[in-house]
file input_31.txt (compact mmCIF, C-alpha atoms)
# COMPACT_ATOMS: atom_id res chain seq x y z
CA MET A 1 22.36 19.31 -2.28
CA LYS A 2 19.86 17.65 0.03
CA THR A 3 16.55 19.40 0.46
CA ARG A 4 14.84 19.73 3.82
CA PRO A 5 12.29 17.01 4.57
CA LEU A 6 8.70 18.13 4.17
CA PHE A 7 7.86 17.43 7.82
CA LEU A 8 10.13 16.94 10.81
CA GLY A 9 9.40 16.00 14.42
CA GLU A 10 6.20 17.54 15.73
CA GLU A 11 5.36 18.88 12.28
CA LEU A 12 4.24 15.29 11.60
CA PHE A 13 1.29 15.96 13.89
CA LYS A 14 -0.29 17.74 10.93
CA LEU A 15 -0.41 14.39 9.15
CA ILE A 16 -1.06 11.74 11.79
CA PRO A 17 -3.39 11.51 14.77
CA GLN A 18 -0.89 9.78 17.07
CA ARG A 19 0.83 11.72 19.83
CA MET A 20 3.77 11.00 22.10
CA PRO A 21 4.80 8.52 23.32
CA ILE A 22 3.21 6.46 20.53
CA VAL A 23 4.55 8.47 17.58
CA MET A 24 6.63 6.13 15.40
CA VAL A 25 7.51 8.45 12.51
CA ASP A 26 9.75 11.47 13.02
CA VAL A 27 10.43 12.54 9.47
CA PHE A 28 8.41 12.72 6.26
CA TYR A 29 10.95 13.25 3.52
CA ASP A 30 8.92 13.60 0.36
CA ALA A 31 5.96 12.25 -1.59
CA THR A 32 4.39 12.03 -5.00
CA ASP A 33 0.88 10.82 -5.84
CA THR A 34 2.06 7.22 -5.67
CA GLU A 35 5.18 7.13 -3.47
CA ALA A 36 6.43 8.51 -0.18
CA ASN A 37 9.49 8.32 2.06
CA THR A 38 9.45 8.49 5.84
CA GLY A 39 11.86 7.82 8.67
CA LEU A 40 12.38 7.17 12.35
CA THR A 41 15.45 7.30 14.55
CA VAL A 42 15.23 4.50 17.09
CA THR A 43 15.80 5.87 20.57
CA ALA A 44 16.29 3.95 23.80
CA ASP A 45 13.17 5.49 25.33
CA ASN A 46 10.99 4.30 22.46
CA LEU A 47 7.93 2.52 23.81
CA PHE A 48 8.61 -0.48 21.57
CA CYS A 49 12.32 -0.85 22.44
CA GLU A 50 13.57 -3.72 24.51
CA ASN A 51 17.22 -4.57 25.14
CA ASN A 52 18.26 -1.83 22.73
CA LYS A 53 16.24 -3.29 19.88
CA LEU A 54 13.05 -2.06 18.30
CA ARG A 55 10.69 -5.00 18.66
CA GLU A 56 8.35 -6.37 15.99
CA PRO A 57 5.23 -4.40 17.05
CA GLY A 58 7.28 -1.22 16.80
CA LEU A 59 8.26 -2.01 13.23
CA ILE A 60 4.65 -2.71 12.29
CA GLU A 61 3.55 0.50 13.99
CA HIS A 62 6.24 2.46 12.17
CA VAL A 63 5.05 1.18 8.79
CA ALA A 64 1.41 1.79 9.74
CA GLN A 65 2.11 5.36 10.81
CA SER A 66 4.17 5.92 7.67
CA ALA A 67 1.13 4.88 5.64
CA ALA A 68 -1.06 7.14 7.80
CA ALA A 69 1.32 10.05 7.20
CA PHE A 70 1.21 9.38 3.44
CA ALA A 71 -2.59 9.45 3.50
CA GLY A 72 -2.52 12.50 5.78
CA TYR A 73 -0.19 14.32 3.42
CA ASP A 74 -2.63 13.81 0.57
CA THR A 75 -5.41 15.53 2.50
CA TYR A 76 -3.04 18.15 3.95
CA ARG A 77 -1.96 19.38 0.54
CA GLN A 78 -5.60 19.66 -0.47
CA GLY A 79 -6.03 22.00 2.48
CA LEU A 80 -8.19 19.52 4.33
CA VAL A 81 -7.96 18.25 7.86
CA PRO A 82 -6.39 14.76 7.88
CA LYS A 83 -9.06 12.10 8.09
CA LEU A 84 -9.06 9.03 10.24
CA GLY A 85 -7.44 6.07 8.49
CA PHE A 86 -7.68 2.38 9.21
CA ILE A 87 -5.44 -0.57 8.43
CA GLY A 88 -7.50 -3.13 6.57
CA GLU A 89 -4.84 -5.78 6.23
CA ILE A 90 -1.12 -6.38 6.58
CA LYS A 91 0.35 -9.15 4.46
CA LYS A 92 3.67 -10.52 3.26
CA PHE A 93 5.26 -9.01 6.36
CA LYS A 94 8.93 -9.94 6.56
CA ILE A 95 11.36 -8.85 9.24
CA TYR A 96 14.99 -9.48 8.33
CA ARG A 97 16.42 -8.15 11.57
CA LEU A 98 15.41 -5.88 14.41
CA PRO A 99 16.91 -2.39 14.29
CA LEU A 100 19.12 -1.19 17.12
CA THR A 101 18.80 2.00 19.12
CA GLY A 102 20.51 4.84 17.35
CA GLU A 103 19.77 3.46 13.90
CA CYS A 104 17.74 5.50 11.43
CA LEU A 105 14.90 3.74 9.64
CA HIS A 106 14.04 4.88 6.14
CA THR A 107 10.74 3.63 4.80
CA HIS A 108 9.65 3.77 1.18
CA LEU A 109 5.95 3.42 0.39
CA ALA A 110 4.50 2.78 -3.05
CA VAL A 111 0.84 2.58 -4.05
CA LEU A 112 0.14 -0.73 -5.79
CA GLY A 113 -3.53 -0.15 -6.44
CA GLU A 114 -6.72 1.53 -5.29
CA ALA A 115 -10.30 0.30 -5.36
CA ALA A 116 -13.50 0.94 -3.43
CA GLY A 117 -11.76 3.41 -1.12
CA VAL A 118 -9.04 0.92 -0.20
CA THR A 119 -5.40 1.58 -1.04
CA LEU A 120 -2.86 -1.21 -1.28
CA LEU A 121 0.67 -0.08 -0.39
CA ALA A 122 4.02 -1.80 -0.58
CA ALA A 123 6.41 -0.76 2.19
CA GLU A 124 10.11 -1.38 2.52
CA THR A 125 12.16 -0.22 5.50
CA ARG A 126 15.93 0.10 5.34
CA VAL A 127 18.79 1.04 7.62
CA ASN A 128 21.30 2.61 5.26
CA ASP A 129 21.03 0.20 2.31
CA GLU A 130 20.06 -2.86 4.32
CA ILE A 131 16.43 -3.98 4.11
CA ILE A 132 15.05 -4.42 7.62
CA THR A 133 11.43 -5.17 6.85
CA SER A 134 8.96 -5.28 3.98
CA CYS A 135 5.23 -5.78 3.71
CA GLN A 136 2.02 -4.89 1.93
CA MET A 137 -0.64 -2.95 3.77
CA LYS A 138 -4.22 -2.03 2.93
CA ILE A 139 -5.54 1.19 4.34
CA PHE A 140 -8.80 2.99 3.97
CA ILE A 141 -9.75 6.49 4.92
CA LYS A 142 -12.95 7.25 6.76
CA ASN A 143 -14.95 9.85 4.87
CA ASP A 144 -17.38 12.05 6.75
CA MET B 1 -0.41 -8.65 -27.26
CA GLU B 2 -3.08 -10.72 -28.99
CA LYS B 3 -6.40 -10.90 -27.18
CA GLN B 4 -6.29 -14.69 -26.72
CA GLU B 5 -2.82 -14.36 -25.21
CA LEU B 6 -4.10 -11.61 -22.92
CA ILE B 7 -7.06 -13.72 -21.79
CA ALA B 8 -4.83 -16.71 -21.05
CA LYS B 9 -2.38 -14.61 -19.04
CA ASP B 10 -5.17 -12.80 -17.20
CA ASN B 11 -6.87 -16.07 -16.24
CA GLU B 12 -3.62 -17.66 -15.16
CA VAL B 13 -2.51 -14.85 -12.84
CA LEU B 14 -5.98 -14.39 -11.33
CA ALA B 15 -6.43 -18.12 -10.75
CA GLU B 16 -3.06 -18.35 -9.06
CA GLU B 17 -3.49 -15.25 -6.89
CA PHE B 18 -7.01 -16.12 -5.74
CA GLU B 19 -6.48 -19.87 -5.61
CA LYS B 20 -9.10 -20.80 -8.21
CA GLU B 21 -9.17 -23.18 -11.14
CA VAL B 22 -8.59 -21.50 -14.49
CA SER B 23 -11.69 -23.31 -15.74
CA GLU B 24 -13.83 -21.28 -13.30
CA ILE B 25 -12.85 -18.06 -15.06
CA THR B 26 -15.06 -17.54 -18.09
CA PRO B 27 -15.99 -14.36 -19.98
CA GLU B 28 -19.54 -14.39 -18.61
CA ALA B 29 -18.61 -15.13 -15.00
CA ASP B 30 -19.00 -12.45 -12.35
CA ILE B 31 -15.56 -11.41 -11.11
CA LYS B 32 -16.44 -10.71 -7.49
CA ALA B 33 -18.41 -13.91 -7.08
CA THR B 34 -15.90 -16.13 -8.84
CA LEU B 35 -12.85 -14.78 -7.05
CA GLU B 36 -14.78 -14.25 -3.79
CA LEU B 37 -13.72 -10.63 -3.62
CA ASP B 38 -14.91 -8.31 -0.88
CA SER B 39 -14.33 -4.60 -0.39
CA LEU B 40 -10.83 -5.28 0.96
CA SER B 41 -9.64 -7.86 -1.57
CA LEU B 42 -10.95 -6.06 -4.66
CA VAL B 43 -7.84 -3.88 -4.54
CA ASP B 44 -5.69 -7.03 -4.81
CA MET B 45 -7.18 -7.73 -8.22
CA VAL B 46 -6.66 -4.13 -9.33
CA ALA B 47 -3.02 -4.18 -8.18
CA LEU B 48 -2.44 -7.51 -9.90
CA ILE B 49 -3.80 -6.27 -13.23
CA GLU B 50 -1.79 -3.05 -12.97
CA ASN B 51 1.37 -4.99 -12.19
CA GLU B 52 0.93 -7.66 -14.87
CA PHE B 53 -0.36 -5.52 -17.72
CA HIS B 54 0.78 -2.03 -16.68
CA VAL B 55 -2.79 -0.86 -17.08
CA LYS B 56 -4.13 1.62 -14.54
CA ILE B 57 -7.71 1.03 -13.37
CA LYS B 58 -9.38 4.00 -11.74
CA GLY B 59 -11.90 3.60 -8.94
CA THR B 60 -14.80 4.66 -11.14
CA GLU B 61 -13.71 2.18 -13.82
CA VAL B 62 -13.53 -0.72 -11.37
CA ALA B 63 -17.22 -0.31 -10.70
CA GLN B 64 -17.98 -0.81 -14.41
CA ILE B 65 -16.00 -4.04 -14.70
CA LYS B 66 -18.40 -6.77 -13.62
CA THR B 67 -17.45 -9.85 -15.64
CA PHE B 68 -14.16 -11.28 -16.85
CA GLY B 69 -15.26 -10.46 -20.38
CA THR B 70 -15.49 -6.76 -19.58
CA LEU B 71 -12.11 -6.99 -17.83
CA TYR B 72 -10.48 -8.55 -20.92
CA ASP B 73 -12.01 -5.83 -23.11
CA PHE B 74 -10.86 -3.10 -20.73
CA ILE B 75 -7.26 -4.33 -20.65
CA TYR B 76 -7.16 -4.98 -24.39
CA GLU B 77 -8.47 -1.52 -25.22
CA ARG B 78 -5.98 0.13 -22.90
CA LEU B 79 -3.06 -1.82 -24.29
CA ASN B 80 -4.02 -0.88 -27.82
CA ALA B 81 -5.03 2.72 -27.17
call {"tool": "encode", "arguments": {"input": "input_31.txt", "output": "C-alpha cells"}}
result
Amino acid sequence: MKTRPLFLGEELFKLIPQRMPIVMVDVFYDATDTEANTGLTVTADNLFCENNKLREPGLIEHVAQSAAAFAGYDTYRQGLVPKLGFIGEIKKFKIYRLPLTGECLHTHLAVLGEAAGVTLLAAETRVNDEIITSCQMKIFIKND
Amino acid sequence: MEKQELIAKDNEVLAEEFEKEVSEITPEADIKATLELDSLSLVDMVALIENEFHVKIKGTEVAQIKTFGTLYDFIYERLNA
C-alpha cells in the first residue's frame, strides 16, 4: 500500500521560499537524514515549458528546489522556520532528454558529504524508470 | 587494509580528483593548501573519502584534520575500530 507523500502542492510552501509561478516541486514524497524523494508534474503552463517540453533551466530549477525542500524539511521537522539556502555549485549536470508536458518527474536526492556548512548532494531525476537528468549540487544554509 | 595500502589509495584518489601530483601529497603537507580547497570544495574531499573508504567524517572532525598524516590516521582508526 502506498503511503501519502509528506507534502503535496501548496504544503511545499512550508519547505521552500518560492511561490507561484516559479514553484518547480509539487510533491515531497519522503526523506531520511541522507536521502529524499520529490516530484513535479510538467504542465503546459509551466514557466519553463516551451513547445510542450520542459527546458533545461526548468530541470535545473526543479533539482535546486528539490534540494531546497530537502534542506527545508530538515529544519521543519526540528520545529524551526526554514532558512534561506543557496546553491554553491552545480556539477556533472547531464540531461538525457527533456521531459514532455504531462510527464511526472521523480527526483531522488542523496547526501554525499557535508563540511563547513556545505552539503554535497547527488540528484537523479526519472520519468518512470528512465533517467532524465543527473547532477551533483552543493548547497549551504544561511544561519542567522 | 594495511596502512601503507590505505595511504597509497588515499593519495591516488585525492591526486586524481584535485588534479595534483601524488608526490605533492605527503604526511606533513597541509591538506587545504596542497589541494587548494576552499569552503566550497572542502566537501568534495569529505565526499571522496566517504565514498572510497566508507568512513563518515563529521563537520567537527573535519576541522581537526589539517595534514594528510592526520587524515591517514583518522581513516585507519575508523577502519580498524
call {"tool": "atom_distance", "arguments": {"input": "input_31.txt", "atom1": "atom CA of B:Val22", "atom2": "atom CA of B:Asp10"}}
result
9.7 Å
call {"tool": "interface_residues", "arguments": {"input": "input_31.txt", "of": "chain A", "to": "chain B", "cutoff": "10 Å", "atoms": "only C-alpha atoms", "output": "list in words"}}
result
Gly88, Glu89, Val111, Leu112, Gly113, Glu114, Ala115, Ala116, Gly117, Val118, Thr119, Leu120, Leu121, Lys138, Ile139 and Phe140 of chain A
call {"tool": "write_last_selection", "arguments": {"input": "input_31.txt", "atoms": "C-alpha atoms", "output": "mmCIF file, in the coordinates of the input"}}
result
data_model
loop_
_atom_site.group_PDB
_atom_site.id
_atom_site.type_symbol
_atom_site.label_atom_id
_atom_site.label_comp_id
_atom_site.auth_asym_id
_atom_site.auth_seq_id
_atom_site.Cartn_x
_atom_site.Cartn_y
_atom_site.Cartn_z
ATOM 1 C CA GLY A 88 -7.500 -3.130 6.570
ATOM 2 C CA GLU A 89 -4.840 -5.780 6.230
ATOM 3 C CA VAL A 111 0.840 2.580 -4.050
ATOM 4 C CA LEU A 112 0.140 -0.730 -5.790
ATOM 5 C CA GLY A 113 -3.530 -0.150 -6.440
ATOM 6 C CA GLU A 114 -6.720 1.530 -5.290
ATOM 7 C CA ALA A 115 -10.300 0.300 -5.360
ATOM 8 C CA ALA A 116 -13.500 0.940 -3.430
ATOM 9 C CA GLY A 117 -11.760 3.410 -1.120
ATOM 10 C CA VAL A 118 -9.040 0.920 -0.200
ATOM 11 C CA THR A 119 -5.400 1.580 -1.040
ATOM 12 C CA LEU A 120 -2.860 -1.210 -1.280
ATOM 13 C CA LEU A 121 0.670 -0.080 -0.390
ATOM 14 C CA LYS A 138 -4.220 -2.030 2.930
ATOM 15 C CA ILE A 139 -5.540 1.190 4.340
ATOM 16 C CA PHE A 140 -8.800 2.990 3.970
#
call {"tool": "atom_distance", "arguments": {"input": "input_31.txt", "atom1": "atom CA of B:Ala8", "atom2": "atom CA of B:Leu79"}}
result
15.3 Å
call {"tool": "atom_distance", "arguments": {"input": "input_31.txt", "atom1": "atom CA of A:Ile95", "atom2": "atom CA of A:Ala110"}}
result
18.3 Å
call {"tool": "residues_around", "arguments": {"input": "input_31.txt", "residues": "B:Thr34", "least_positions_apart": "6", "cutoff": "12 Å", "atoms": "all atoms listed in the file", "output": "JSON, numbers by chain"}}
result
{"B": [11, 14, 15, 18, 19, 20, 21, 22, 23, 24, 25, 26, 27, 28, 42, 66, 67, 68]}
call {"tool": "residues_around", "arguments": {"input": "input_31.txt", "residues": "A:Glu11", "least_positions_apart": "6", "cutoff": "12 Å", "atoms": "all atoms listed in the file", "output": "ChimeraX atom specification"}}
result
/A:5,17,19,23,25-29,69,73,76
call {"tool": "closest_residue", "arguments": {"input": "input_31.txt", "among": "A:Lys83, A:Leu8, A:Pro57, A:Ala71", "to": "A:Thr133", "atoms": "all atoms listed in the file"}}
result
A:Pro57
call {"tool": "closest_residue", "arguments": {"input": "input_31.txt", "among": "A:Val42, A:Gly85, A:Leu100, A:Lys94", "to": "A:Ile131", "atoms": "all atoms listed in the file"}}
result
A:Lys94
call {"tool": "residues_near_point", "arguments": {"input": "input_31.txt", "point": "(2.5, -8.9, 5.8)", "cutoff": "6 Å", "atoms": "all atoms listed in the file", "output": "PyMOL selection string"}}
result
chain A and resi 90-93+135-136
call {"tool": "closest_residue", "arguments": {"input": "input_31.txt", "among": "A:Met137, A:Met24, A:Glu35, A:Asn52", "to": "A:Phe86", "atoms": "only C-alpha atoms"}}
result
A:Met137
call {"tool": "residues_around", "arguments": {"input": "input_31.txt", "residues": "A:His62", "least_positions_apart": "6", "cutoff": "12 Å", "atoms": "only C-alpha atoms", "output": "VMD selection string"}}
result
chain A and resid 16 18 22 to 27 38 to 42 46 to 48 54 to 56 68 to 69 99 104 to 109 123 to 125 133 to 135
call {"tool": "closest_residue", "arguments": {"input": "input_31.txt", "among": "B:Glu77, B:Val55, B:Glu16, B:Ile7", "to": "B:Leu35", "atoms": "all atoms listed in the file"}}
result
B:Glu16
call {"tool": "closest_residue", "arguments": {"input": "input_31.txt", "among": "A:Thr34, A:Gly9, A:Asp129, A:Leu15", "to": "A:Gly79", "atoms": "only C-alpha atoms"}}
result
A:Leu15
call {"tool": "closest_residue", "arguments": {"input": "input_31.txt", "among": "B:Glu36, B:Glu52, B:Asp30, B:Glu2", "to": "B:Gln64", "atoms": "only C-alpha atoms"}}
result
B:Asp30
call {"tool": "decode", "arguments": {"input": "input_31.txt", "residues": "stretch 25-142 of chain A", "atoms": "C-alpha atoms", "output": "compact mmCIF listing (two decimals), in the first residue's frame"}}
result
# COMPACT_ATOMS: atom_id res chain seq x y z
CA VAL A 25 8.34 20.96 -6.96
CA ASP A 26 4.79 19.80 -6.29
CA VAL A 27 5.36 16.74 -4.16
CA PHE A 28 7.78 15.77 -1.40
CA TYR A 29 7.41 12.03 -1.03
CA ASP A 30 9.68 11.10 1.83
CA ALA A 31 13.07 11.70 3.41
CA THR A 32 15.64 10.28 5.76
CA ASP A 33 18.69 12.06 7.19
CA THR A 34 20.60 11.39 3.99
CA GLU A 35 18.05 10.87 1.20
CA ALA A 36 14.86 12.41 -0.12
CA ASN A 37 12.38 11.97 -2.96
CA THR A 38 10.49 14.76 -4.68
CA GLY A 39 8.42 15.18 -7.81
CA LEU A 40 6.88 17.52 -10.34
CA THR A 41 4.19 17.04 -12.94
CA VAL A 42 5.11 19.05 -16.02
CA THR A 43 2.19 21.20 -17.07
CA ALA A 44 1.79 23.23 -20.25
CA ASP A 45 1.54 26.48 -18.28
CA ASN A 46 4.86 25.87 -16.55
CA LEU A 47 7.05 28.95 -16.84
CA PHE A 48 9.93 26.85 -18.18
CA CYS A 49 7.90 24.95 -20.81
CA GLU A 50 8.36 25.61 -24.48
CA ASN A 51 6.82 23.59 -27.30
CA ASN A 52 5.46 21.11 -24.77
CA LYS A 53 8.89 20.41 -23.32
CA LEU A 54 10.37 21.43 -20.01
CA ARG A 55 13.51 23.30 -20.98
CA GLU A 56 16.95 22.95 -19.39
CA PRO A 57 16.61 25.85 -16.89
CA GLY A 58 13.40 24.27 -15.65
CA LEU A 59 15.16 20.99 -14.96
CA ILE A 60 17.94 22.76 -13.08
CA GLU A 61 15.38 24.75 -11.10
CA HIS A 62 13.47 21.59 -10.28
CA VAL A 63 16.59 19.93 -8.87
CA ALA A 64 17.55 23.10 -6.99
CA GLN A 65 14.11 23.40 -5.42
CA SER A 66 14.15 19.70 -4.57
CA ALA A 67 17.40 20.29 -2.69
CA ALA A 68 15.86 23.35 -1.03
CA ALA A 69 12.85 21.29 0.03
CA PHE A 70 15.16 18.62 1.46
CA ALA A 71 17.01 21.25 3.49
CA GLY A 72 13.70 22.87 4.44
CA TYR A 73 12.33 19.55 5.64
CA ASP A 74 15.28 19.14 7.96
CA THR A 75 14.54 22.44 9.68
CA TYR A 76 10.76 21.88 9.54
CA ARG A 77 10.94 18.65 11.49
CA GLN A 78 13.06 20.40 14.11
CA GLY A 79 10.20 22.84 14.51
CA LEU A 80 12.20 25.67 13.01
CA VAL A 81 11.32 28.10 10.28
CA PRO A 82 13.04 27.05 7.02
CA LYS A 83 16.20 29.03 6.49
CA LEU A 84 17.40 30.59 3.30
CA GLY A 85 19.54 28.22 1.26
CA PHE A 86 21.98 28.91 -1.54
CA ILE A 87 23.34 26.82 -4.37
CA GLY A 88 27.11 26.86 -4.15
CA GLU A 89 27.83 24.81 -7.23
CA ILE A 90 26.21 22.53 -9.78
CA LYS A 91 28.46 19.97 -11.43
CA LYS A 92 28.34 16.84 -13.55
CA PHE A 93 24.97 18.02 -14.86
CA LYS A 94 23.69 15.67 -17.54
CA ILE A 95 20.41 15.96 -19.39
CA TYR A 96 19.45 12.83 -21.28
CA ARG A 97 16.24 14.21 -22.71
CA LEU A 98 13.77 16.98 -21.99
CA PRO A 99 10.55 15.86 -20.30
CA LEU A 100 7.23 16.43 -22.03
CA THR A 101 4.15 18.11 -20.63
CA GLY A 102 2.07 15.64 -18.69
CA GLU A 103 5.07 13.63 -17.56
CA CYS A 104 5.80 13.20 -13.87
CA LEU A 105 9.36 13.82 -12.71
CA HIS A 106 10.62 11.85 -9.75
CA THR A 107 13.83 13.12 -8.22
CA HIS A 108 16.00 11.22 -5.77
CA LEU A 109 18.50 13.17 -3.67
CA ALA A 110 21.33 11.64 -1.67
CA VAL A 111 23.80 13.41 0.61
CA LEU A 112 27.36 12.61 -0.46
CA GLY A 113 29.11 14.64 2.20
CA GLU A 114 28.97 17.66 4.48
CA ALA A 115 31.71 20.05 5.55
CA ALA A 116 31.95 23.64 6.74
CA GLY A 117 28.20 24.14 6.40
CA VAL A 118 28.18 22.97 2.79
CA THR A 119 26.25 19.86 1.74
CA LEU A 120 27.09 17.96 -1.42
CA LEU A 121 24.07 16.20 -2.93
CA ALA A 122 23.70 13.78 -5.80
CA ALA A 123 20.43 14.17 -7.70
CA GLU A 124 18.84 11.89 -10.25
CA THR A 125 15.55 12.67 -11.98
CA ARG A 126 13.49 9.99 -13.67
CA VAL A 127 10.28 9.70 -15.64
CA ASN A 128 9.00 6.26 -14.72
CA ASP A 129 12.27 4.29 -14.81
CA GLU A 130 14.01 6.43 -17.40
CA ILE A 131 16.76 8.74 -16.16
CA ILE A 132 16.12 12.26 -17.46
CA THR A 133 18.86 14.16 -15.69
CA SER A 134 21.54 13.75 -13.05
CA CYS A 135 23.92 16.10 -11.31
CA GLN A 136 25.75 16.99 -8.12
CA MET A 137 24.83 20.14 -6.27
CA LYS A 138 26.38 21.97 -3.33
CA ILE A 139 24.06 23.90 -1.10
CA PHE A 140 24.59 25.84 2.06
CA ILE A 141 22.09 27.18 4.51
CA LYS A 142 22.30 30.70 5.83
